[in-house]
Structures are given as C-alpha cells and as structure tokens.
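Shown below: protein_33.csv, with CSV, C-alpha atoms.
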```csv
chain,number,residue,atom,x,y,z
A,1,SER,CA,129.9,-49.4,-84.2
A,2,THR,CA,129.8,-50.7,-80.6
A,3,CYS,CA,129.6,-54.3,-79.4
A,4,PHE,CA,128.2,-54.8,-75.9
A,5,ILE,CA,129.8,-57.4,-73.8
A,6,ASP,CA,128.5,-58.5,-70.3
A,7,VAL,CA,130.6,-60.9,-68.2
A,8,VAL,CA,129.7,-62.3,-64.7
A,9,PHE,CA,132.2,-64.1,-62.5
A,10,ILE,CA,130.7,-66.8,-60.2
A,11,VAL,CA,132.9,-67.5,-57.1
A,12,ASP,CA,132.5,-70.7,-55.1
A,13,SER,CA,132.2,-69.6,-51.4
A,14,SER,CA,131.2,-73.0,-50.0
A,15,GLU,CA,132.9,-75.1,-47.4
A,16,SER,CA,134.6,-77.2,-50.1
A,17,SER,CA,136.5,-74.2,-51.5
A,18,LYS,CA,138.1,-73.3,-48.1
A,19,LEU,CA,139.7,-69.9,-47.4
A,20,VAL,CA,142.8,-70.5,-49.4
A,21,LEU,CA,140.9,-71.4,-52.6
A,22,PHE,CA,138.4,-68.6,-52.0
A,23,ASP,CA,141.2,-66.0,-52.0
A,24,LYS,CA,142.8,-67.7,-55.0
A,25,GLN,CA,139.5,-67.3,-56.9
A,26,LYS,CA,139.4,-63.6,-56.1
A,27,ASP,CA,143.0,-63.2,-57.4
A,28,PHE,CA,142.0,-64.9,-60.6
A,29,VAL,CA,139.0,-62.5,-61.1
A,30,HIS,CA,141.4,-59.5,-60.7
A,31,SER,CA,143.9,-60.9,-63.2
A,32,LEU,CA,141.4,-61.9,-65.9
A,33,SER,CA,139.3,-58.7,-65.6
A,34,ASP,CA,142.5,-56.7,-66.5
A,35,ARG,CA,143.1,-58.9,-69.5
A,36,VAL,CA,139.4,-58.6,-70.7
A,37,PHE,CA,139.8,-54.9,-71.0
A,38,GLN,CA,143.0,-55.3,-73.1
A,39,LEU,CA,141.0,-57.2,-75.8
A,40,THR,CA,140.3,-55.2,-79.0
A,41,SER,CA,138.5,-56.0,-82.2
A,42,VAL,CA,140.3,-56.5,-85.6
A,43,TYR,CA,137.3,-54.9,-87.2
A,44,SER,CA,136.1,-51.4,-86.9
A,45,LEU,CA,134.3,-52.2,-83.7
A,46,LYS,CA,134.5,-50.9,-80.1
A,47,TYR,CA,134.0,-53.2,-77.2
A,48,ASP,CA,131.7,-51.8,-74.4
A,49,ILE,CA,132.4,-54.2,-71.5
A,50,LYS,CA,130.6,-54.4,-68.1
A,51,LEU,CA,131.5,-56.9,-65.3
A,52,ALA,CA,129.5,-58.3,-62.4
A,53,ALA,CA,130.3,-60.9,-59.7
A,54,LEU,CA,128.4,-63.2,-57.4
A,55,GLN,CA,129.4,-65.8,-54.8
A,56,PHE,CA,127.4,-68.8,-53.8
A,57,SER,CA,127.1,-71.5,-51.2
A,58,SER,CA,123.7,-72.4,-49.7
A,59,SER,CA,122.8,-68.8,-50.5
A,60,VAL,CA,123.7,-66.4,-53.3
A,61,GLN,CA,125.2,-62.9,-52.9
A,62,ILE,CA,125.4,-60.6,-56.0
A,63,ASP,CA,128.0,-57.9,-55.5
A,64,PRO,CA,128.5,-56.0,-57.7
A,65,PRO,CA,125.6,-56.4,-60.2
A,66,PHE,CA,125.8,-54.9,-63.7
A,67,SER,CA,123.5,-52.1,-62.7
A,68,SER,CA,126.1,-50.6,-60.3
A,69,TRP,CA,129.0,-50.8,-62.9
A,70,LYS,CA,131.3,-47.8,-62.7
A,71,ASP,CA,134.9,-48.8,-63.7
A,72,LEU,CA,137.3,-51.6,-63.5
A,73,GLN,CA,139.1,-50.4,-60.3
A,74,THR,CA,135.8,-50.1,-58.4
A,75,PHE,CA,134.8,-53.6,-59.6
A,76,LYS,CA,138.1,-55.1,-58.3
A,77,GLN,CA,137.7,-53.4,-54.9
A,78,ARG,CA,134.2,-54.9,-54.5
A,79,VAL,CA,135.4,-58.4,-55.3
A,80,LYS,CA,138.3,-58.0,-52.9
A,81,SER,CA,135.9,-57.2,-50.1
A,82,MET,CA,133.8,-60.4,-50.5
A,83,ASN,CA,133.4,-62.4,-47.2
A,84,PHE,CA,133.6,-66.2,-47.2
A,85,ILE,CA,130.2,-67.9,-46.6
A,86,GLY,CA,131.4,-71.5,-45.9
A,87,GLN,CA,128.3,-73.6,-46.1
A,88,GLY,CA,127.0,-76.3,-48.5
A,89,THR,CA,127.6,-76.2,-52.3
A,90,PHE,CA,124.5,-75.5,-54.4
A,91,SER,CA,125.6,-74.7,-58.0
A,92,TYR,CA,122.0,-74.8,-59.2
A,93,TYR,CA,121.2,-71.5,-57.5
A,94,ALA,CA,124.4,-70.0,-58.8
A,95,ILE,CA,123.5,-70.8,-62.4
A,96,ALA,CA,119.9,-69.7,-61.9
A,97,ASN,CA,120.8,-66.3,-60.4
A,98,ALA,CA,123.6,-65.7,-63.0
A,99,THR,CA,121.1,-66.4,-65.8
A,100,ARG,CA,118.5,-64.2,-64.4
A,101,LEU,CA,121.1,-61.4,-63.8
A,102,LEU,CA,122.2,-61.5,-67.4
A,103,LYS,CA,118.7,-61.5,-68.7
A,104,ARG,CA,117.5,-58.6,-66.6
A,105,GLU,CA,120.6,-56.4,-66.6
A,106,GLY,CA,122.5,-57.6,-69.6
A,107,ARG,CA,122.2,-55.4,-72.7
A,108,LYS,CA,120.1,-56.3,-75.7
A,109,ASP,CA,122.0,-58.1,-78.5
A,110,GLY,CA,125.1,-58.1,-76.4
A,111,VAL,CA,127.6,-60.9,-75.8
A,112,LYS,CA,126.8,-62.7,-72.5
A,113,VAL,CA,129.4,-64.8,-70.7
A,114,ALA,CA,129.4,-66.5,-67.2
A,115,LEU,CA,132.6,-67.8,-65.7
A,116,LEU,CA,131.7,-70.5,-63.0
A,117,MET,CA,134.4,-71.6,-60.6
A,118,THR,CA,133.5,-74.8,-58.6
A,119,ASP,CA,134.5,-78.4,-58.1
A,120,GLY,CA,131.2,-79.8,-59.4
A,121,ILE,CA,130.7,-81.8,-56.1
A,122,ASP,CA,127.3,-80.4,-54.9
A,123,HIS,CA,125.3,-80.9,-51.7
A,124,PRO,CA,123.0,-84.0,-52.0
A,125,LYS,CA,119.9,-81.7,-52.0
A,126,ASN,CA,121.2,-79.6,-54.9
A,127,PRO,CA,118.6,-79.8,-57.8
A,128,ASP,CA,119.6,-81.2,-61.2
A,129,VAL,CA,121.6,-78.6,-63.2
A,130,GLN,CA,121.0,-80.1,-66.7
A,131,SER,CA,117.8,-78.4,-67.7
A,132,ILE,CA,118.7,-75.0,-66.2
A,133,SER,CA,122.1,-75.1,-68.0
A,134,GLU,CA,120.4,-75.9,-71.3
A,135,ASP,CA,117.9,-73.0,-70.8
A,136,ALA,CA,120.8,-70.6,-70.3
A,137,ARG,CA,122.6,-71.7,-73.5
A,138,THR,CA,119.3,-71.4,-75.4
A,139,ALA,CA,119.1,-67.8,-74.1
A,140,GLY,CA,122.5,-67.1,-75.7
A,141,ILE,CA,124.5,-67.3,-72.4
A,142,LEU,CA,127.9,-69.0,-72.7
A,143,PHE,CA,129.1,-70.7,-69.5
A,144,ILE,CA,132.8,-71.4,-69.0
A,145,THR,CA,133.5,-73.8,-66.1
A,146,ILE,CA,136.8,-73.8,-64.0
A,147,GLY,CA,137.6,-76.6,-61.6
A,148,LEU,CA,138.9,-75.5,-58.2
A,149,SER,CA,141.4,-78.5,-57.9
A,150,THR,CA,142.3,-81.7,-59.6
A,151,VAL,CA,139.5,-83.5,-57.6
A,152,VAL,CA,136.5,-82.4,-59.6
A,153,ASN,CA,133.3,-83.8,-61.1
A,154,GLU,CA,134.2,-83.4,-64.8
A,155,ALA,CA,130.9,-84.8,-66.1
A,156,LYS,CA,129.0,-82.1,-64.2
A,157,LEU,CA,131.3,-79.3,-65.3
A,158,ARG,CA,130.8,-80.3,-68.9
A,159,LEU,CA,127.1,-80.6,-68.4
A,160,ILE,CA,127.0,-77.0,-67.3
A,161,SER,CA,129.3,-75.6,-70.0
A,162,GLY,CA,128.0,-77.8,-72.8
A,163,ASP,CA,131.6,-78.7,-73.7
A,164,SER,CA,132.4,-82.1,-75.4
A,165,SER,CA,134.3,-84.9,-73.6
A,166,ASN,CA,137.3,-84.1,-75.8
A,167,GLU,CA,137.5,-80.6,-74.4
A,168,PRO,CA,140.0,-80.5,-71.5
A,169,ILE,CA,138.8,-79.2,-68.1
A,170,LEU,CA,140.1,-75.8,-67.1
A,171,LEU,CA,141.7,-75.8,-63.6
A,172,LEU,CA,142.3,-72.9,-61.2
A,173,SER,CA,145.8,-74.4,-60.4
A,174,ASP,CA,146.9,-74.1,-64.0
A,175,PRO,CA,149.5,-71.2,-64.2
A,176,THR,CA,148.5,-70.5,-67.8
A,177,LEU,CA,144.7,-70.4,-67.0
A,178,VAL,CA,144.4,-66.6,-67.5
A,179,ASP,CA,146.1,-66.8,-70.9
A,180,LYS,CA,143.9,-69.7,-72.0
A,181,ILE,CA,140.6,-68.0,-71.1
A,182,GLN,CA,141.8,-64.6,-72.6
A,183,ASP,CA,142.4,-66.4,-75.9
A,184,ARG,CA,139.1,-68.1,-75.7
A,185,LEU,CA,137.2,-64.9,-75.0
A,186,ASP,CA,139.1,-63.1,-77.8
A,187,ILE,CA,137.9,-65.6,-80.4
A,188,LEU,CA,134.3,-65.6,-78.9
A,189,PHE,CA,134.1,-61.8,-79.0
A,190,GLU,CA,135.3,-61.6,-82.6
A,191,LYS,CA,132.8,-64.2,-83.7
A,192,LYS,CA,129.8,-62.7,-81.8
A,193,CYS,CA,130.6,-59.1,-82.7
A,194,GLU,CA,131.3,-59.7,-86.4
A,195,ARG,CA,127.6,-59.5,-87.2
A,196,LYS,CA,127.7,-55.9,-86.0
A,197,ILE,CA,129.6,-54.8,-89.1
A,198,CYS,CA,126.5,-55.4,-91.2
A,199,GLU,CA,124.4,-53.2,-88.8
A,200,CYS,CA,126.6,-50.1,-89.3
A,201,GLU,CA,125.0,-47.0,-90.8
A,202,LYS,CA,125.9,-46.3,-94.5
A,203,GLY,CA,128.1,-43.4,-95.3
A,204,ASP,CA,128.2,-41.2,-98.4
A,205,PRO,CA,128.8,-43.1,-101.7
A,206,GLY,CA,132.4,-43.2,-102.7
A,207,ASP,CA,133.9,-42.7,-106.2
A,208,PRO,CA,133.3,-45.5,-108.6
A,209,GLY,CA,136.0,-48.2,-108.4
A,210,PRO,CA,137.6,-50.0,-111.3
A,211,PRO,CA,135.7,-53.0,-112.8
A,212,GLY,CA,136.2,-56.1,-110.6
A,213,THR,CA,137.0,-59.6,-111.7
A,214,HIS,CA,134.3,-62.1,-112.3
A,215,GLY,CA,133.0,-63.2,-108.9
A,216,ASN,CA,132.1,-66.6,-107.7
A,217,PRO,CA,128.4,-67.7,-107.7
A,218,GLY,CA,126.6,-66.0,-104.8
A,219,ILE,CA,125.2,-67.9,-101.8
A,220,LYS,CA,121.6,-68.9,-101.7
A,221,GLY,CA,119.4,-66.0,-100.9
A,222,GLU,CA,117.1,-65.7,-97.9
A,223,ARG,CA,113.6,-66.9,-98.0
A,224,GLY,CA,111.2,-64.4,-99.4
A,225,PRO,CA,108.4,-62.8,-97.4
A,226,LYS,CA,105.2,-64.7,-96.9
A,227,GLY,CA,102.6,-64.2,-99.6
A,228,ASN,CA,99.3,-62.5,-99.2
A,229,LEU,CA,96.4,-64.5,-97.8
A,230,GLY,CA,94.5,-66.2,-100.6
A,231,HIS,CA,90.7,-66.0,-101.1
A,232,ALA,CA,88.8,-68.7,-99.4
A,233,GLN,CA,85.3,-69.2,-98.2
A,234,LYS,CA,84.7,-69.9,-94.6
A,235,GLY,CA,83.5,-73.5,-94.0
A,236,GLU,CA,80.9,-74.7,-91.6
A,237,PRO,CA,82.0,-75.2,-88.0
A,238,GLY,CA,83.2,-78.7,-87.4
A,239,GLU,CA,82.0,-81.0,-84.6
A,240,ARG,CA,83.5,-80.5,-81.2
A,241,GLY,CA,86.7,-82.6,-80.8
A,242,PRO,CA,87.4,-84.9,-77.9
A,243,GLY,CA,89.0,-83.4,-74.8
A,244,GLY,CA,92.8,-83.2,-74.8
A,245,ILE,CA,95.0,-85.3,-72.6
A,246,PRO,CA,96.5,-83.6,-69.4
A,247,GLY,CA,99.8,-81.8,-70.1
A,248,TYR,CA,103.1,-82.8,-68.6
A,249,LYS,CA,104.1,-81.5,-65.2
A,250,GLY,CA,106.2,-78.4,-65.5
A,251,GLU,CA,109.7,-78.2,-64.2
A,252,LYS,CA,110.3,-77.0,-60.7
A,253,GLY,CA,110.8,-73.2,-60.6
A,254,ILE,CA,113.6,-71.3,-58.9
A,255,SER,CA,113.2,-71.1,-55.2
A,256,GLY,CA,111.8,-67.8,-54.1
A,257,PRO,CA,112.9,-65.8,-51.1
A,258,PRO,CA,111.9,-67.0,-47.7
A,259,GLY,CA,108.3,-66.0,-46.7
A,260,ASP,CA,107.2,-64.1,-43.7
A,261,PRO,CA,107.0,-66.2,-40.4
A,262,GLY,CA,103.6,-67.9,-40.1
A,263,LEU,CA,101.4,-67.9,-37.0
A,264,LYS,CA,102.4,-70.1,-34.1
A,265,GLY,CA,100.9,-73.6,-34.5
A,266,PHE,CA,99.8,-76.0,-32.0
A,267,GLN,CA,102.3,-78.1,-30.2
A,268,GLY,CA,102.8,-81.3,-32.2
A,269,ASN,CA,104.0,-84.7,-31.0
A,270,LYS,CA,107.6,-85.1,-30.4
A,271,GLY,CA,109.3,-86.4,-33.5
A,272,GLU,CA,112.1,-88.9,-33.8
A,273,ARG,CA,115.6,-87.7,-33.3
A,274,GLY,CA,117.2,-86.6,-36.6
A,275,GLN,CA,120.7,-87.3,-37.8
A,276,GLU,CA,123.5,-85.4,-36.2
A,277,GLY,CA,123.9,-82.1,-38.1
A,278,ARG,CA,127.2,-80.5,-39.0
A,279,THR,CA,128.9,-78.3,-36.4
A,280,GLY,CA,128.1,-74.7,-37.2
A,281,ALA,CA,130.6,-71.9,-37.3
A,282,PRO,CA,131.3,-70.3,-33.9
A,283,GLY,CA,129.0,-67.5,-33.2
A,284,PRO,CA,130.2,-64.0,-32.2
A,285,ILE,CA,131.1,-63.3,-28.6
A,286,GLY,CA,127.9,-62.2,-26.8
A,287,ILE,CA,127.6,-58.8,-25.0
A,288,GLY,CA,125.8,-58.5,-21.7
A,289,GLU,CA,126.1,-57.8,-18.0
A,290,PRO,CA,126.8,-60.4,-15.3
A,291,GLY,CA,123.7,-61.9,-13.8
A,292,GLN,CA,122.7,-61.8,-10.1
A,293,PRO,CA,124.4,-64.4,-7.8
A,294,GLY,CA,122.2,-67.5,-7.4
A,295,PRO,CA,121.1,-68.8,-4.0
A,296,ARG,CA,123.5,-70.8,-1.9
A,297,GLY,CA,123.3,-74.5,-2.7
A,298,THR,CA,122.7,-77.2,-0.1
A,299,GLU,CA,125.8,-78.4,1.8
A,300,GLY,CA,127.3,-81.3,-0.1
A,301,ALA,CA,128.3,-84.6,1.5
A,302,PRO,CA,131.9,-84.9,2.7
A,303,GLY,CA,134.2,-86.3,0.0
A,304,GLU,CA,136.3,-89.4,0.4
A,305,ARG,CA,139.6,-89.0,2.2
A,306,GLY,CA,142.2,-88.0,-0.4
A,307,LEU,CA,145.6,-89.6,-0.9
A,308,PRO,CA,148.5,-88.2,1.1
A,309,GLY,CA,149.8,-85.1,-0.6
A,310,GLU,CA,153.3,-84.8,-1.9
A,311,GLY,CA,155.5,-81.8,-1.5
A,312,PHE,CA,158.3,-80.1,0.4
A,313,PRO,CA,158.0,-79.2,4.1
A,314,GLY,CA,156.5,-75.8,4.6
A,315,PRO,CA,158.2,-73.0,6.6
A,316,LYS,CA,157.9,-73.1,10.4
A,317,GLY,CA,154.6,-71.5,11.5
A,318,GLU,CA,154.2,-68.8,14.1
A,319,LYS,CA,153.9,-69.7,17.8
A,320,GLY,CA,150.3,-70.5,18.6
A,321,SER,CA,148.3,-69.1,21.5
A,322,GLU,CA,148.7,-70.9,24.9
A,323,GLY,CA,146.1,-73.6,25.2
A,324,PRO,CA,144.0,-74.4,28.3
A,325,VAL,CA,145.5,-76.5,31.2
A,326,GLY,CA,144.8,-80.1,30.7
A,327,PRO,CA,143.6,-82.5,33.3
A,328,GLN,CA,146.1,-84.1,35.7
A,329,GLY,CA,147.6,-87.2,34.2
A,330,LEU,CA,147.8,-90.6,35.9
A,331,GLN,CA,150.7,-91.2,38.3
A,332,GLY,CA,153.7,-92.5,36.4
A,333,LEU,CA,155.6,-95.6,37.2
A,334,SER,CA,158.4,-95.0,39.8
A,335,ILE,CA,161.6,-96.2,38.3
A,336,LYS,CA,164.8,-95.0,40.1
A,337,GLY,CA,167.2,-93.4,37.7
A,338,ASP,CA,171.0,-93.0,37.9
A,339,LYS,CA,172.5,-90.5,40.4
A,340,GLY,CA,172.7,-87.1,38.8
A,341,ASP,CA,175.7,-84.7,38.8
A,342,LEU,CA,176.3,-82.4,41.7
A,343,GLY,CA,174.2,-79.3,41.4
A,344,PRO,CA,175.3,-75.7,42.0
A,345,VAL,CA,175.5,-74.3,45.6
A,346,GLY,CA,172.0,-73.1,46.6
A,347,PRO,CA,171.2,-69.7,48.2
A,348,GLN,CA,171.5,-69.3,52.0
A,349,GLY,CA,168.6,-70.7,53.8
A,350,PRO,CA,166.6,-68.8,56.5
A,351,MET,CA,167.8,-68.6,60.1
A,352,GLY,CA,166.9,-71.7,62.0
A,353,THR,CA,165.1,-71.8,65.4
A,354,PRO,CA,167.3,-71.7,68.5
A,355,GLY,CA,168.8,-75.0,69.2
A,356,LEU,CA,168.5,-76.9,72.5
A,357,GLY,CA,171.5,-77.8,74.6
A,358,SER,CA,173.5,-77.1,77.9
A,359,GLN,CA,175.7,-74.0,78.4
A,360,GLY,CA,179.3,-74.6,77.5
A,361,GLU,CA,182.4,-73.7,79.6
A,362,GLN,CA,183.6,-70.0,79.9
A,363,GLY,CA,185.9,-69.1,77.1
A,364,ILE,CA,189.3,-67.3,77.4
A,365,GLN,CA,189.1,-63.5,77.9
A,366,GLY,CA,189.6,-61.7,74.7
A,367,PRO,CA,191.9,-58.7,74.2
A,368,ILE,CA,191.0,-55.2,75.3
A,369,GLY,CA,189.0,-53.4,72.7
A,370,PRO,CA,189.8,-49.9,71.5
A,371,PRO,CA,188.5,-46.9,73.5
A,372,GLY,CA,185.0,-45.8,72.7
A,373,PRO,CA,184.1,-42.3,71.6
A,374,GLN,CA,183.8,-39.5,74.2
A,375,GLY,CA,180.4,-39.4,75.7
A,376,PRO,CA,178.2,-36.4,75.9
A,377,PRO,CA,178.5,-34.0,78.9
A,378,GLY,CA,176.7,-35.3,81.9
A,379,GLN,CA,173.7,-33.7,83.6
A,380,GLY,CA,173.0,-33.6,87.3
A,381,SER,CA,171.4,-31.7,90.0
A,382,PRO,CA,173.4,-29.6,92.6
A,383,GLY,CA,174.4,-31.4,95.8
A,384,SER,CA,172.9,-30.6,99.1
```

Produce structure tokens that represent the structure in this file.
Amino acid sequence: STCFIDVVFIVDSSESSKLVLFDKQKDFVHSLSDRVFQLTSVYSLKYDIKLAALQFSSSVQIDPPFSSWKDLQTFKQRVKSMNFIGQGTFSYYAIANATRLLKREGRKDGVKVALLMTDGIDHPKNPDVQSISEDARTAGILFITIGLSTVVNEAKLRLISGDSSNEPILLLSDPTLVDKIQDRLDILFEKKCERKICECEKGDPGDPGPPGTHGNPGIKGERGPKGNLGHAQKGEPGERGPGGIPGYKGEKGISGPPGDPGLKGFQGNKGERGQEGRTGAPGPIGIGEPGQPGPRGTEGAPGERGLPGEGFPGPKGEKGSEGPVGPQGLQGLSIKGDKGDLGPVGPQGPMGTPGLGSQGEQGIQGPIGPPGPQGPPGQGSPGS
C-alpha cells in the first residue's frame, strides 16, 4: 500500500530575515528535502512524497506548488532561484496560503506538513494568527515552526505550531536541526501511515495455522449502525416560535487579490501629513535619451570677493601685444644726479661751416713733388 505525504516549506523573505538568513533558509530546505526522501516505513508501506515551497513578506509567492512537482532535483533548483523580497513580515498570509495550498493540491487522506521559518515578530498590521492556525490543525495540517535566530517571539511560534510550553523552540542556527526534524518526521509518518495497513486488499487465504494461545479480552467494539426509523404519527404543527437573536459576526476572511483600478475620483481636500515612511529599495536605473537643453537663465548677481587663493607661482606667460601709447606724463622733479662715467667716443660729426679769420703768413716751400704722367700729344694748327 502507498502512503501519500505532502510537505510545504515556508521561507521568511521579509526585511527581518536579511540576505544572509534568507540564503541559510534555502540551504536548510535543500538539506532536509534530501533527508525526507531517505525515510522509509517499517511496515509494508511505500511513501509517495511531494514537496512545495513558498516565500512570504508583505506578499506571498508560491514556487513551486504541488501541481508542478517533477522530482527532487527540479524542486531544489526552483528553491535556489528564489529572489529576496525584503518588505514587512506578515506570517498570517503565509499560514493562510500554505493551508489553502495543502487543501487544494494536497492528496486526499495523505499526511500534510508545513515547515514555517520566521522569527515570530510580525508587522503591527499583521492579523491575529491564532484562529487561522487552529483551523489548519483542525484540517489535519501539522505546522512545525523554526526560529530564524535566538531573538524570537516564542509565544507566537508555539501558537502557530500548537506545541506546549515544555517543547523547546527549534532554531535555524542549531547544527543538529536537520537531524531533529528528520527524526520528528519519521515518527509522524509512521504514526499517520500506520492506519493504511488496515486498508490493504486481502490476498488469498493461507494454510490454517496451529491453534493459538488464549488471547486477552478484546477491545470494546465500535458503535453499531443506527436503527430503523420507528413508527410515529405526525403531530399538529406547533405555534410559530419567537425570532432568533442575531448571529455572531463572522471572522475576517483572507484578503483577496487587488481589484481593478477604479474610476478617477474628484479632488479631495488636502489631508494632514502622514508619518515618515520607510525608505524603499533603490529602483532600477532608468533608460532614456537626454532632454533638450533648457533656455539660458538670467544673469546672476556678482558673487562676493573670494579669499586670496593659495598656490605656487605659475609659469611665465607669453609676451603680450604692444599696448597703445599713453598720454604724456607730468614733468618730473629736476634733481641733479652724480656725474656719470666717461662715455665711448662718438662718431665723426658733419663738416662745419667755414670759419672766420684773417689770412695767416706764407708757409715754407715744400719739397718738389714727383714728375707727373706724360701728357697726351698736343694738337695745333700749322703756322703762317
């Protein structure tokens, strides 16, 4: 005979779990899922196991559900690819969605287990989890809670699982956590699947066995079927009774998906400023083209004179262009300086005008000069 077992892992993907604890939860799911498939029954039963996973924060993501179950390796790859959500902690919606998943996709008369990992410290607007946890246990769903760290709300974790105060809280940081839960699931599966032995088909009768010893008194038998309806005469209709009192207000249902956007309403009055919200996660880098340059702004007023700058002298600049001739300056004060050094001999000056004076005495005759060159032949006319 076959015993159906459906197990869903619930991963806390809120801001309180942070990325390190988020990855540690996924590692735990990998390790325990391997161990679950190593469990076998001591009876002549075969375990037929399916796994599912969901992560929660302010929203819930189911991936993979039971309906897409293929094999253990595919399941572990889907869990590994989970992306961190990182918003508020709302365990109510995690419990509600896990319960609904097990009811809709879990197999009839199978063992149904939900492993919830969280710190039990929910967002202030998280609904009360007591009634929804009790409804899940009434439907035959066993919740096992695991604290993310040593700082947990133990009372809330016990409220979800239904464990007594004597039962120690399981912690993700415990190195023996996988062994502890494997042992706990082994006992649970044996207990829940034991009843399947009685539902096996009967085989062919065997050979008569030897007479047995005198047995103990048998247990009390089950209650017999209801007897046939007795004969009775129908009485006269009674008088109309008083109206009943109004019934109690029902519990709040699970929040449905967001509705379609409504029509645009009229502009209301400006409300009071709300409390400062939490800083959201950085958005992705936008993609777009640069806009057109804006118009030139008006000329700003001159700024105040800055402080003298500090620095090393710059290199000597190139010679500037010759500036215009300035106006003639005022005559300077005449102060006679010291006599200067003798200057160099100047160039010969121009010939002066003939001087005025009386003729001097005749000088001594000079020596006879050298003969001159021979003159040209003379020309003349013949004599008379």

Nearest to Asp48 (chain A) by atom-to-atom distance, counting only C-alpha atoms, from A:Cys193, A:Thr99, A:Ser16, A:Tyr92: A:Cys193

- request: State, in Å with one decimal place, the distance from CA of Val60 (chain A) to CA of Arg158 (chain A).
  value: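 A separation of 22.1 Å between them.
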
message: For a test of reading the model, state the distance in Å between CA of Leu185 (chain A) and CA of Pro64 (chain A), rounded to one decimal.
response: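 Going from CA of Leu185 (chain A) over to CA of Pro64 (chain A), I get 21.3 Å.
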
field: Polymer residues at most 12 Å from (118.8, -74.8, -57.3) by all atoms listed in the file, as number ranges by chain
entry: A: 56-60, 89-98, 122-133, 251-256

message: Just the number, please: distance in Å from CA of Thr40 (chain A) to CA of Lys76 (chain A), one decimal.
response: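 About the pair CA of Thr40 (chain A) and CA of Lys76 (chain A): they are 20.8 Å apart.
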
- request: Go through A:Ser33, A:Ser68, A:Ser165, A:Ser17 and flag the residue nearest Leu148 (chain A), using all atoms listed in the file for the distances.
  value: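 Among the listed residues, the smallest separation from Leu148 (chain A) belongs to A:Ser17.
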
query: When distances are computed from all atoms listed in the file, which of A:Gly375, A:Gly147, A:Gly140, A:Pro327 shows the smallest separation from Lys112 (chain A)?
result: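 Between A:Gly375, A:Gly147, A:Gly140, A:Pro327, the residue approaching Lys112 (chain A) most closely is A:Gly140.
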
field: Neighbour list for region 166-176 of chain A as a list in words, cut-off 9 Å, only C-alpha atoms, skip fewer than 5 positions in-chain
entry: Leu21, Lys24, Gln25, Phe28, Met117, Ile144, Thr145, Ile146, Gly147, Leu148, Ser149, Thr150, Glu154, Leu157, Arg158 and Ile181 of chain A

Just the selected residues (C-alpha atoms), exported as a CSV table (one decimal), in the coordinates of the input, please.
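Output contents, as saved in out29.csv:
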```
chain,number,residue,atom,x,y,z
A,21,LEU,CA,140.9,-71.4,-52.6
A,24,LYS,CA,142.8,-67.7,-55.0
A,25,GLN,CA,139.5,-67.3,-56.9
A,28,PHE,CA,142.0,-64.9,-60.6
A,117,MET,CA,134.4,-71.6,-60.6
A,144,ILE,CA,132.8,-71.4,-69.0
A,145,THR,CA,133.5,-73.8,-66.1
A,146,ILE,CA,136.8,-73.8,-64.0
A,147,GLY,CA,137.6,-76.6,-61.6
A,148,LEU,CA,138.9,-75.5,-58.2
A,149,SER,CA,141.4,-78.5,-57.9
A,150,THR,CA,142.3,-81.7,-59.6
A,154,GLU,CA,134.2,-83.4,-64.8
A,157,LEU,CA,131.3,-79.3,-65.3
A,158,ARG,CA,130.8,-80.3,-68.9
A,181,ILE,CA,140.6,-68.0,-71.1
```

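Minimum atom-to-atom distance to Val36 (chain A), evaluated using all atoms listed in the file, belongs to A:Lys50 out of A:Lys108, A:Lys50, A:Lys191, A:Lys70.
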
task: Tell me which of A:Asp34, A:Val113, A:Val29, A:Pro65 sits closest to Lys80 (chain A), counting only C-alpha atoms.
output: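 Nearest candidate to Lys80 (chain A) out of A:Asp34, A:Val113, A:Val29, A:Pro65: A:Val29.
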